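K.L.:
Input file: entry.txt. Contents: compact mmCIF, C-alpha atoms.
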# COMPACT_ATOMS: atom_id res chain seq x y z
CA MET A 1 88.80 54.13 112.10
CA ILE A 2 87.74 52.29 108.96
CA MET A 3 87.30 54.54 105.96
CA SER A 4 84.70 53.45 103.51
CA MET A 5 85.72 53.28 99.86
CA GLU A 6 82.24 52.98 98.38
CA GLY A 7 82.10 53.97 94.73
CA ILE A 8 85.88 54.26 94.26
CA SER A 9 87.72 51.28 92.82
CA ILE A 10 91.09 50.21 94.17
CA ILE A 11 92.33 49.64 90.61
CA GLY A 12 91.55 53.26 89.74
CA ILE A 13 93.48 54.49 92.77
CA VAL A 14 96.46 52.26 91.97
CA VAL A 15 96.58 53.38 88.31
CA ILE A 16 96.42 57.07 89.24
CA VAL A 17 99.09 56.68 91.93
CA ILE A 18 101.37 54.85 89.46
CA LEU A 19 100.84 57.59 86.84
CA MET A 20 101.57 60.25 89.45
CA ALA A 21 104.77 58.42 90.44
CA ALA A 22 105.78 58.30 86.76
CA VAL A 23 105.26 62.05 86.39
CA ILE A 24 107.29 62.71 89.54
CA ALA A 25 110.04 60.41 88.21
CA LEU A 26 110.06 62.41 84.97
CA PHE A 27 110.62 65.62 86.90
CA ALA A 28 113.28 63.89 89.00
CA LEU A 29 115.09 63.12 85.80
CA ILE A 30 114.86 66.43 83.97
CA ASP A 31 114.06 69.15 86.54
CA ARG A 32 115.21 68.38 90.05
CA ARG A 33 114.75 71.95 91.25
CA PHE A 34 111.06 71.97 90.37
CA LEU A 35 110.61 68.50 91.86
CA LYS A 36 111.01 69.92 95.37
CA ARG A 37 108.14 72.31 94.72
CA ILE A 38 105.92 69.54 93.40
CA LEU A 39 106.61 67.33 96.42
CA LYS A 40 106.00 70.20 98.83
CA SER A 41 102.69 71.08 97.17
CA LEU A 42 101.59 67.45 97.16
CA ALA A 43 102.47 67.10 100.84
CA VAL A 44 100.46 70.23 101.70
CA ALA A 45 97.50 69.04 99.60
CA VAL A 46 97.53 65.60 101.27
CA LEU A 47 97.87 67.18 104.73
CA LEU A 48 94.97 69.56 104.10
CA LEU A 49 92.76 66.74 102.89
CA VAL A 50 93.74 64.52 105.83
CA VAL A 51 92.89 67.34 108.28
CA THR A 52 89.59 68.09 106.51
CA GLY A 53 88.70 64.40 106.30
CA GLY A 54 89.70 63.88 109.95
CA CYS A 55 87.50 66.77 111.07
CA MET A 56 84.57 65.42 109.08
CA ALA A 57 85.08 61.93 110.49
CA LEU A 58 85.20 63.37 114.03
CA LEU A 59 82.06 65.33 113.24
CA ASN A 60 80.34 62.15 112.15
CA ARG A 61 81.38 60.42 115.32
CA TYR A 62 80.61 63.14 117.88
CA ASN A 63 77.62 64.75 116.26
CA SER A 64 76.28 67.28 118.74
CA TRP A 65 74.30 70.53 118.68
CA TRP A 66 77.27 72.65 119.81
CA ILE A 67 79.41 71.66 116.83
CA VAL A 68 77.80 74.25 114.55
CA PRO A 69 78.16 77.35 116.82
CA LEU A 70 81.67 76.20 117.75
CA SER A 71 82.70 75.81 114.10
CA VAL A 72 81.18 79.21 113.21
CA THR A 73 83.04 80.99 116.02
CA LEU A 74 86.33 79.17 115.55
CA SER A 75 86.39 79.61 111.78
CA ALA A 76 85.49 83.32 112.03
CA LEU A 77 88.18 84.00 114.63
CA ALA A 78 90.78 81.94 112.77
CA CYS A 79 90.06 83.83 109.54
CA ALA A 80 90.21 87.21 111.31
CA TRP A 81 93.53 86.27 112.90
CA TRP A 82 94.94 85.05 109.59
CA GLU A 83 93.80 88.24 107.88
CA SER A 84 95.37 90.39 110.59
CA GLN A 85 98.66 88.62 109.99
CA GLN A 86 98.46 89.54 106.31
CA LEU A 87 97.55 93.18 106.91
CA HIS A 88 99.52 94.70 109.74
CA PHE A 89 97.43 97.83 110.26
CA ILE A 90 94.45 95.66 111.17
CA ALA A 91 96.45 93.82 113.79
CA GLN A 92 97.31 97.05 115.48
CA ARG A 93 94.10 99.03 115.22
CA SER A 94 91.07 97.06 114.25
CA LEU A 95 91.38 93.41 115.18
CA VAL A 96 88.21 93.51 117.30
CA SER A 97 86.23 95.11 114.44
CA LEU A 98 87.58 92.52 112.02
CA CYS A 99 86.65 89.65 114.36
CA MET A 100 83.12 91.02 114.76
CA ALA A 101 82.71 91.55 111.03
CA TYR A 102 83.97 88.02 110.31
CA LEU A 103 81.66 86.57 112.94
CA ALA A 104 78.66 88.37 111.43
CA ALA A 105 79.59 87.31 107.89
CA VAL A 106 80.25 83.67 108.78
CA LEU A 107 77.03 83.63 110.82
CA SER A 108 75.05 85.03 107.91
CA PHE A 109 76.62 82.47 105.56
CA ALA A 110 75.83 79.69 108.03
CA GLY A 111 72.24 80.97 108.26
CA MET A 112 71.83 80.95 104.49
CA ALA A 113 73.43 77.49 104.25
CA TRP A 114 71.12 76.23 107.00
CA LEU A 115 68.08 77.51 105.11
CA LEU A 116 69.36 75.75 102.00
CA LEU A 117 69.96 72.47 103.80
CA LYS A 118 67.16 72.43 106.36
CA ASN A 119 65.16 69.80 104.46
CA THR A 120 68.07 67.35 104.49
CA ASN A 121 68.34 64.67 107.16
CA ASN A 122 71.45 65.77 108.96
CA VAL A 123 71.76 69.51 108.66
CA GLY A 124 74.03 69.72 111.74
CA LEU A 125 76.48 67.33 110.12
CA LEU A 126 76.47 69.02 106.72
CA LEU A 127 76.76 72.59 107.92
CA PRO A 128 80.43 72.64 109.09
CA PRO A 129 81.89 71.33 105.78
CA VAL A 130 79.63 73.69 103.81
CA LEU A 131 80.81 76.48 106.10
CA LEU A 132 84.41 75.59 105.29
CA LEU A 133 83.59 75.76 101.60
CA GLY A 134 81.94 79.16 102.07
CA ILE A 135 84.96 80.51 103.93
CA LEU A 136 87.19 79.38 101.10
CA PHE A 137 84.95 81.32 98.70
CA ILE A 138 84.89 84.42 100.95
CA GLN A 139 88.51 84.52 102.07
CA LYS A 140 90.24 85.52 98.85
CA SER A 141 87.91 88.34 97.95
CA VAL A 142 87.92 89.67 101.51
CA THR A 143 91.72 89.71 101.57
CA ILE A 144 91.79 91.69 98.32
CA GLY A 145 89.06 94.03 99.61
CA LEU A 146 90.86 94.70 102.89
CA ARG A 147 94.15 95.25 101.08
CA THR A 148 92.47 97.79 98.79
CA TYR A 149 90.89 99.51 101.79
CA GLN A 150 94.25 99.69 103.53
CA SER A 151 96.06 101.13 100.51
CA CYS A 152 93.24 103.61 99.80
CA LEU A 153 93.38 104.88 103.37
CA ARG A 154 97.14 105.19 103.20
CA HIS A 155 97.32 106.89 99.81
CA THR A 156 94.33 109.22 99.90
CA ARG A 157 94.59 110.92 103.27
CA GLU A 158 94.99 114.37 101.67
CA HIS A 159 91.97 113.67 99.51
CA TYR A 160 89.89 112.77 102.59
CA LEU A 161 91.03 115.80 104.58
CA TYR A 162 90.31 118.13 101.65
CA LEU A 163 86.74 116.91 101.36
CA VAL A 164 86.08 116.97 105.13
CA ALA A 165 87.59 120.46 105.38
CA ASN A 166 85.21 121.66 102.68
CA GLY A 167 81.97 120.35 104.10
CA ALA A 168 81.97 116.57 103.64
CA THR A 169 80.78 114.24 106.38
CA HIS A 170 82.94 111.23 107.24
CA LEU A 171 80.75 109.04 105.03
CA GLU A 172 80.84 111.43 102.08
CA ALA A 173 84.62 111.77 102.28
CA SER A 174 85.08 108.01 102.64
CA LEU A 175 82.74 107.14 99.78
CA PRO A 176 85.43 106.87 97.06
CA THR A 177 87.44 104.54 99.32
CA ILE A 178 84.35 102.52 100.24
CA ARG A 179 83.36 102.28 96.57
CA ARG A 180 86.82 101.05 95.58
CA THR A 181 86.93 98.55 98.46
CA LEU A 182 83.51 97.07 97.68
CA ARG A 183 84.40 96.85 94.00
CA ALA A 184 87.69 95.11 94.83
CA THR A 185 85.85 92.66 97.10
CA ALA A 186 83.14 91.86 94.58
CA LEU A 187 85.32 91.50 91.50
CA PRO A 188 87.26 88.30 92.35
CA LEU A 189 84.07 86.44 93.27
CA LEU A 190 82.23 87.70 90.19
CA ARG A 191 85.17 86.77 88.00
CA LEU A 192 85.39 83.33 89.52
CA MET A 193 81.65 82.80 89.23
CA ALA A 194 81.89 83.59 85.55
CA MET A 195 84.83 81.18 85.20
CA PRO A 196 83.66 78.21 87.26
CA ILE A 197 86.62 75.97 86.50
CA GLN A 198 88.93 78.37 88.36
CA MET A 199 86.76 78.44 91.44
CA GLY A 200 86.31 74.75 91.67
CA SER A 201 82.55 75.18 91.62
CA LEU A 202 82.44 72.75 88.72
CA LEU A 203 84.35 70.37 90.96
CA LEU A 204 81.70 70.83 93.61
CA VAL A 205 78.92 70.12 91.12
CA VAL A 206 80.71 66.97 89.97
CA GLY A 207 81.33 65.96 93.61
CA LEU A 208 77.67 66.35 94.46
CA TYR A 209 76.69 64.44 91.33
CA ILE A 210 79.02 61.56 92.26
CA GLY A 211 77.50 61.67 95.72
CA GLY A 212 74.09 60.93 94.22
CA VAL A 213 72.57 64.40 93.94
CA SER A 214 70.67 65.18 90.75
CA PRO A 215 72.47 67.51 88.29
CA VAL A 216 69.85 70.25 88.67
CA THR A 217 70.05 70.22 92.48
CA ALA A 218 73.85 70.10 92.36
CA CYS A 219 74.01 73.18 90.07
CA LEU A 220 71.39 75.07 92.06
CA PHE A 221 73.08 74.29 95.36
CA THR A 222 76.48 75.43 94.03
CA LEU A 223 75.00 78.61 92.59
CA MET A 224 73.20 79.42 95.85
CA LEU A 225 76.40 78.81 97.84
CA GLN A 226 78.24 81.25 95.57
CA PHE A 227 75.52 83.85 96.01
CA ALA A 228 75.61 83.36 99.79
CA ALA A 229 79.42 83.73 99.79
CA PHE A 230 79.14 86.88 97.66
CA CYS A 231 76.59 88.46 100.02
CA SER A 232 78.63 87.49 103.09
CA SER A 233 81.85 88.98 101.64
CA ILE A 234 80.15 92.31 100.95
CA LEU A 235 78.49 92.24 104.37
CA LEU A 236 81.85 91.56 106.02
CA ILE A 237 83.62 94.45 104.32
CA ALA A 238 80.73 96.88 104.84
CA LEU A 239 80.50 95.96 108.51
CA PHE A 240 84.25 96.23 108.97
CA ILE A 241 84.34 99.73 107.44
CA LEU A 242 81.38 100.74 109.60
CA LEU A 243 83.00 99.41 112.79
CA CYS A 244 86.35 100.99 111.94
CA LYS A 245 84.76 104.43 111.60
CA MET B 1 84.70 136.37 112.15
CA THR B 2 87.84 136.36 114.28
CA LEU B 3 90.25 133.45 114.39
CA GLU B 4 92.62 133.28 117.33
CA LEU B 5 95.51 130.96 118.10
CA ASN B 6 96.71 131.48 121.65
CA ASP B 7 100.06 129.95 122.61
CA VAL B 8 99.20 126.91 120.53
CA LEU B 9 101.69 124.06 120.58
CA LEU B 10 101.33 121.02 118.34
CA GLU B 11 102.70 117.52 118.91
CA GLY B 12 106.31 117.38 117.74
CA GLU B 13 106.68 121.18 117.55
CA ARG B 14 108.93 123.16 119.82
CA GLN B 15 107.56 126.60 119.11
CA THR B 16 104.14 127.95 120.09
CA ILE B 17 102.10 130.23 117.89
CA SER B 18 99.91 133.16 118.90
CA LEU B 19 98.02 135.10 116.27
CA MET B 20 94.70 136.80 115.65
CA VAL B 21 93.00 137.27 112.28
CA HIS B 22 89.97 139.54 111.98
CA GLU B 23 87.53 140.02 109.13
CA ARG B 24 89.01 141.72 106.06
CA GLU B 25 92.52 140.72 107.16
CA ILE B 26 95.15 138.34 105.86
CA VAL B 27 97.67 136.78 108.24
CA CYS B 28 100.50 134.61 106.97
CA ILE B 29 102.44 131.84 108.74
CA SER B 30 105.93 131.38 107.36
CA ALA B 31 108.58 128.69 107.87
CA THR B 32 111.28 126.99 105.86
CA ASP B 33 109.71 123.56 106.25
CA GLU B 34 106.47 123.58 104.22
CA GLN B 35 105.13 120.40 105.81
CA ARG B 36 105.22 122.09 109.19
CA LEU B 37 103.12 124.92 107.77
CA THR B 38 100.40 122.56 106.55
CA ARG B 39 100.14 121.09 110.03
CA TRP B 40 99.13 124.47 111.47
CA LEU B 41 96.26 124.81 109.01
CA HIS B 42 95.23 121.23 109.78
CA ALA B 43 95.21 122.17 113.48
CA VAL B 44 92.81 125.07 112.76
CA LEU B 45 90.60 122.59 110.89
CA GLY B 46 90.66 120.25 113.90
CA PHE B 47 92.70 117.52 112.19
CA GLU B 48 95.84 117.94 114.34
CA PRO B 49 95.67 117.58 118.11
CA VAL B 50 96.71 120.67 120.06
CA LYS B 51 99.15 119.91 122.86
CA SER B 52 98.71 123.18 124.73
CA GLY B 53 97.09 126.57 124.22
CA TYR B 54 93.81 126.98 122.34
CA ILE B 55 92.32 127.86 118.98
CA SER B 56 89.08 129.86 118.94
CA LEU B 57 86.63 131.24 116.44
CA ASP B 58 84.76 134.33 117.61
CA GLY B 59 85.75 133.41 121.17
CA GLU B 60 84.44 129.83 120.96
CA PRO B 61 87.23 127.31 121.61
CA LEU B 62 87.93 124.59 119.07
CA THR B 63 87.35 121.12 120.55
CA SER B 64 86.86 117.70 119.02
CA GLY B 65 83.13 118.23 119.50
CA SER B 66 82.99 121.66 117.88
CA ALA B 67 85.46 120.98 115.04
CA ALA B 68 82.76 119.98 112.52
CA LEU B 69 80.77 123.15 113.25
CA PHE B 70 83.94 125.23 112.89
CA ARG B 71 84.74 123.61 109.56
CA SER B 72 81.32 124.54 108.24
CA LYS B 73 82.50 128.16 108.42
CA MET B 74 85.79 127.48 106.66
CA ALA B 75 86.99 126.79 103.15
CA PHE B 76 90.35 125.08 102.80
CA VAL B 77 92.78 125.19 99.90
CA PRO B 78 95.53 122.55 100.13
CA ASP B 79 98.95 123.05 98.62
CA LYS B 80 98.47 120.02 96.39
CA LEU B 81 96.16 117.08 96.03
CA VAL B 82 98.30 114.09 95.18
CA PRO B 83 98.27 110.53 96.48
CA GLU B 84 100.84 109.61 99.08
CA GLY B 85 103.29 106.94 97.94
CA SER B 86 103.13 105.08 94.66
CA ILE B 87 99.66 104.37 93.33
CA VAL B 88 98.52 103.01 89.98
CA VAL B 89 95.19 104.80 89.60
CA TYR B 90 94.22 107.94 91.47
CA ASP B 91 91.14 110.04 90.94
CA PRO B 92 91.58 113.34 92.76
CA PRO B 93 88.39 114.88 94.13
CA SER B 94 86.73 116.84 91.35
CA VAL B 95 84.94 120.18 91.56
CA GLN B 96 81.76 118.16 91.12
CA ASP B 97 82.68 116.09 94.21
CA VAL B 98 82.95 119.21 96.37
CA PHE B 99 79.76 120.84 95.17
CA SER B 100 77.70 117.67 95.33
CA LEU B 101 78.36 117.35 99.07
CA LYS B 102 75.20 117.78 101.14
CA ALA B 103 76.61 120.93 102.79
CA ASN B 104 77.41 122.60 99.43
CA ARG B 105 74.53 121.39 97.28
CA ASN B 106 72.75 124.76 97.26
CA ILE B 107 75.77 126.70 96.04
CA PRO B 108 75.39 127.48 92.32
CA ILE B 109 78.17 126.03 90.17
CA SER B 110 78.75 125.51 86.49
CA ASN B 111 81.75 125.32 84.18
CA GLY B 112 81.19 128.98 83.29
CA ILE B 113 81.09 130.15 86.92
CA LEU B 114 84.24 128.16 87.75
CA SER B 115 86.15 129.38 84.67
CA GLU B 116 85.22 132.98 85.47
CA GLU B 117 86.43 132.60 89.06
CA MET B 118 89.66 130.92 87.92
CA ARG B 119 90.26 133.81 85.52
CA LYS B 120 89.99 136.19 88.48
CA VAL B 121 92.70 134.22 90.33
CA SER B 122 95.08 133.98 87.41
CA LEU B 123 95.09 133.83 83.64
CA ASP B 124 97.47 130.88 83.82
CA HIS B 125 95.41 127.83 84.82
CA SER B 126 98.24 125.30 84.60
CA ASP B 127 98.80 125.45 88.37
CA ASP B 128 96.20 123.24 90.07
CA ARG B 129 96.19 125.60 93.07
CA VAL B 130 94.34 128.16 90.93
CA ARG B 131 91.39 125.80 90.52
CA LEU B 132 91.45 124.79 94.19
CA LEU B 133 91.47 128.44 95.27
CA ALA B 134 88.60 129.30 92.92
CA VAL B 135 86.57 126.37 94.30
CA ALA B 136 87.20 127.49 97.88
CA ALA B 137 86.20 131.08 97.06
CA LEU B 138 82.98 129.88 95.42
CA LEU B 139 82.09 127.98 98.60
CA ASP B 140 81.83 131.48 100.07
CA LYS B 141 82.71 130.65 103.67
CA PRO B 142 83.66 133.46 106.09
CA LEU B 143 87.08 131.93 106.89
CA LEU B 144 89.51 131.06 104.10
CA LEU B 145 92.54 128.86 104.85
CA VAL B 146 95.06 128.67 102.03
CA ASP B 147 98.14 126.47 102.16
CA ASN B 148 101.03 127.86 100.12
CA PRO B 149 99.10 129.87 97.48
CA PRO B 150 100.88 130.87 94.25
CA ALA B 151 102.34 134.37 94.06
CA VAL B 152 99.93 135.30 91.24
CA ALA B 153 97.00 134.81 93.65
CA ALA B 154 98.12 137.67 95.93
CA SER B 155 95.73 140.30 94.54
CA TYR B 156 92.86 137.78 94.44
CA LEU B 157 93.39 136.93 98.13
CA LEU B 158 93.40 140.62 98.93
CA GLN B 159 90.06 140.96 97.11
CA GLN B 160 88.67 138.05 99.14
CA ALA B 161 89.74 139.78 102.36
CA GLN B 162 88.20 143.04 101.19
CA LYS B 163 84.92 141.19 100.60
CA GLY B 164 84.84 140.58 104.37
CA LYS B 165 86.58 137.22 104.65
CA THR B 166 89.07 136.24 107.32
CA VAL B 167 92.09 134.83 105.49
CA LEU B 168 94.87 132.72 106.98
CA ILE B 169 97.63 131.64 104.61
CA THR B 170 100.95 129.85 104.82
CA SER B 171 103.74 131.00 102.57
CA ASN B 172 107.38 131.91 102.30
CA LEU B 173 106.83 134.22 99.31
CA THR B 174 107.47 137.94 99.73
CA GLU B 175 104.54 138.80 97.39
CA LEU B 176 102.18 137.16 99.87
CA HIS B 177 103.95 138.60 102.91
CA ALA B 178 103.40 142.04 101.37
CA ILE B 179 99.59 141.68 101.35
CA SER B 180 99.44 140.20 104.86
CA LYS B 181 98.65 142.30 107.89
CA SER B 182 101.19 140.29 109.85
CA VAL B 183 103.59 137.44 109.19
CA VAL B 184 104.20 134.87 111.91
CA GLU B 185 107.66 133.31 111.51
CA LEU B 186 108.23 129.82 112.82
Mind converting the file's structure to C-alpha cells?
P.N.:
Amino acid sequence: MIMSMEGISIIGIVVIVILMAAVIALFALIDRRFLKRILKSLAVAVLLLVVTGGCMALLNRYNSWWIVPLSVTLSALACAWWESQQLHFIAQRSLVSLCMAYLAAVLSFAGMAWLLLKNTNNVGLLLPPVLLLGILFIQKSVTIGLRTYQSCLRHTREHYLYLVANGATHLEASLPTIRRTLRATALPLLRLMAMPIQMGSLLLVVGLYIGGVSPVTACLFTLMLQFAAFCSSILLIALFILLCK
Amino acid sequence: MTLELNDVLLEGERQTISLMVHEREIVCISATDEQRLTRWLHAVLGFEPVKSGYISLDGEPLTSGSAALFRSKMAFVPDKLVPEGSIVVYDPPSVQDVFSLKANRNIPISNGILSEEMRKVSLDHSDDRVRLLAVAALLDKPLLLVDNPPAVAASYLLQQAQKGKTVLITSNLTELHAISKSVVEL
C-alpha cells in the first residue's frame, strides 16, 4: 500500500522527528522514570493512528454499502462492552439496555452526520471516520453520566423508597437521579465546547482547513458535529434510564 | 382499615410474623436489630419480597400488582433519610418534594401548617423524625407506618390512632410499647 504524502513535506517530518528525539534524549538524561511513560504514550498514540489510518485505507479500498451499518453496529456494541467493563453493575443487570441505547444513539449520530454530509461525493466513505469522531465526543460524557447514575442509585435508595411509599410514581421518585445524571452527562460536553482547545475541535477545524475546506464550512461542520454528539449523548442516557426501568 | 400479616416470612429471616392492626389501634414490632425492623415495614409497603405467608389490607392480599394501590392508602415515616455510603452532595427529599407529587398535590400545605403539626409532635424540632412524622400525618392516609419513632411522639401517635388511623410502628422503646395494643417481639 502506497501512502500519499501530498501537502506534507519530508523535511518538515524529519525536523519534527529530530526535535522529538532530542526531547526524548533530554528526558533520558534527567528523568529516566518519566521517560518510560513518554515512550509508552507515544507507542499507544502511534498504534491508535496506525489502526485508524489502516481502517480508513481499507475503507477506501473496499468501499461498499454495508460498511456504514457494520461500523454503526460494531462501534455501538464495542462502546457498550467497554462501558460495561468500567461499570460493573451494568455488566450484571443492564448490558442489553446499554447496547440498545448505544445503538440508538450511534444511529442517531450517524443519521445527523449523513444529513450533514449528503451533498458530498462520497458520503459512505466519510461517514465511518466521522462516526468515530462522534463516538470520541460522546464516550467521555456518557461514562461520567452512567457513573453518576450508578452512584445516585446506590446512595439514594432510602430517598427513592421514601418518595414511592408516600405517593410518588417511579418517574417522580427517580427524577432527582435522572436530573443529576443528565446534568452530569451534559456538563463535560458543554465545558469542552466552551473550551475548544481541550476537545480538539480546533484541531478538527484546522484539519479540515488543511484538507481544503473553507474556514466557515470547517467551523460550521465542527459545531454541528458537537451539537449532534451532545444530542446523541443525552438520547443515550435517557434511553438507557428508560430501558432500565 | 385492617392490616394483617399472616405467618409472613421474609428472605433471610428465620422467624415468621402474624399480627393484625385495626382502625384506632397501634401495634408495635420490636427487635434488637433495627435494620430487621425496617425490612418488615418495607414488606408491608411491597418493597421486600415475602417468602411465605401473606400481607393483606381489608382482606385484599398484597401482590406486586396491588402494591401501588396499597401504598396510596399508606403514609410512611422512615427512621432516617441519609445517603448510603460516602457522598459529596446529598439533597434529601424536602417537604415540598412530597407535597408536589401528583398524588399529594391537592393536600393543603404551608410553612405554618407544617410548623403547627410539628409542634403537636414535639416542641423539640432538632430530631428530623419529628418533621417526617408531621409530613406523614398531614398526608392523612388511613394507614400510618412509622419506623422507630422518637419517644416524645408517643402521645401524638396515640392521637393519630384515636383519629381513626391504623398505626404500625417499630420500636424497642418502652414508652411506645406502652401505647401499643400489642407488641410483636422478633
K.L.:
Taking only C-alpha atoms into account, name the residue in A:Cys231, A:Tyr209, A:Ala173, A:Pro188 that is nearest to chain B.
P.N.:
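Answer, going by the shortest atom-to-atom distance: A:Ala173.
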K.L.:
So which one's closest to Ser71 (chain A), A:Leu107, A:Leu225, A:Val51, A:Leu192? Using all atoms listed in the file, please.
P.N.:
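When distances to Ser71 (chain A) are compared using all atoms listed in the file, the smallest one comes from A:Leu107.
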K.L.:
Within 12 Å of Gln160 (chain B), counting all atoms listed in the file, which residues qualify if same-chain residues fewer than 4 places away don't, as a list in words?
P.N.:
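Contacts, with the query itself left out: Glu23, Arg24, Glu25, Ile26, Glu117, Lys120, Val121, Leu133, Ala134, Ala136, Ala137, Leu138, Asp140, Lys141, Pro142, Leu143, Leu144, Leu145, Val146, Ala153, Ala154, Ser155, Tyr156, Gly164, Lys165, Thr166, Val167, Leu168 and Ile179 of chain B.
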K.L.:
Excluding Gly59 (chain B) and its own-chain neighbours fewer than 4 positions away, which residues fall within 12 Å of it when counting only C-alpha atoms? Please give them as a PDB file with C-alpha atoms, keeping the file's coordinate frame.
P.N.:
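Dumped everything to selection12.pdb:
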ATOM      1  CA  MET B   1      84.700 136.370 112.150  1.00  0.00           C
ATOM      2  CA  THR B   2      87.840 136.360 114.280  1.00  0.00           C
ATOM      3  CA  LEU B   3      90.250 133.450 114.390  1.00  0.00           C
ATOM      4  CA  GLU B   4      92.620 133.280 117.330  1.00  0.00           C
ATOM      5  CA  LEU B   5      95.510 130.960 118.100  1.00  0.00           C
ATOM      6  CA  ASN B   6      96.710 131.480 121.650  1.00  0.00           C
ATOM      7  CA  MET B  20      94.700 136.800 115.650  1.00  0.00           C
ATOM      8  CA  HIS B  22      89.970 139.540 111.980  1.00  0.00           C
ATOM      9  CA  TYR B  54      93.810 126.980 122.340  1.00  0.00           C
ATOM     10  CA  ILE B  55      92.320 127.860 118.980  1.00  0.00           C
ATOM     11  CA  PHE B  70      83.940 125.230 112.890  1.00  0.00           C
TER      12      PHE B  70
END
K.L.:
Give as an MDAnalysis selection string each residue that has an atom at most 10 Å from (108.3, 124.7, 116.0) in the file, counting only C-alpha atoms.
P.N.:
chainID B and resid 9:17 31 33 36:37 185:186
K.L.:
If the cut-off is 12 Å, can you tell me the residues of chain A near chain B, counting all atoms listed in the file? I'd like them as a VMD selection string.
P.N.:
chain A and resid 148 151 to 177 180
K.L.:
May I ask which of the residues A:Ser201, A:Ser97, A:Ser108, A:Ser141 is the closest one to Thr181 (chain A), counting only C-alpha atoms?
P.N.:
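With only C-alpha atoms as the atom set, the closest residue is A:Ser141.
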K.L.:
Take CA of Thr217 (chain A) and CA of Tyr62 (chain A) and report the distance between them in Å, one decimal.
P.N.:
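Pair CA of Thr217 (chain A) / CA of Tyr62 (chain A) returns 28.4 Å.
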K.L.:
Which of these, B:Ile107, B:Leu157, B:Ile113, B:Val95, has the shortest distance to Ser180 (chain B) once you count all atoms listed in the file?
P.N.:
B:Leu157
K.L.:
Provide the CA of Leu202 (chain A) to CA of Val216 (chain A) distance in Å, to one decimal place.
P.N.:
12.8 Å
K.L.:
Near Leu220 (chain A), counting only C-alpha atoms, which residues have an atom at most 12 Å away, once you skip same-chain residues fewer than 6 positions from it, shown as a PyMOL selection string?
P.N.:
chain A and resi 116+201-202+204-205+208-209+213-214+226-227
K.L.:
For Ile135 (chain A), please output as a ChimeraX atom specification all residues within 8 Å (counting only C-alpha atoms; exclusion window: fewer than 4 positions along the same chain).
P.N.:
/A:106,131,139,229
K.L.:
If you measure from CA of Thr73 (chain A) to CA of Leu48 (chain A), what distance in Å do you get, rounded to one decimal?
P.N.:
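We find that CA of Thr73 (chain A) and CA of Leu48 (chain A) lie 20.4 Å from each other.
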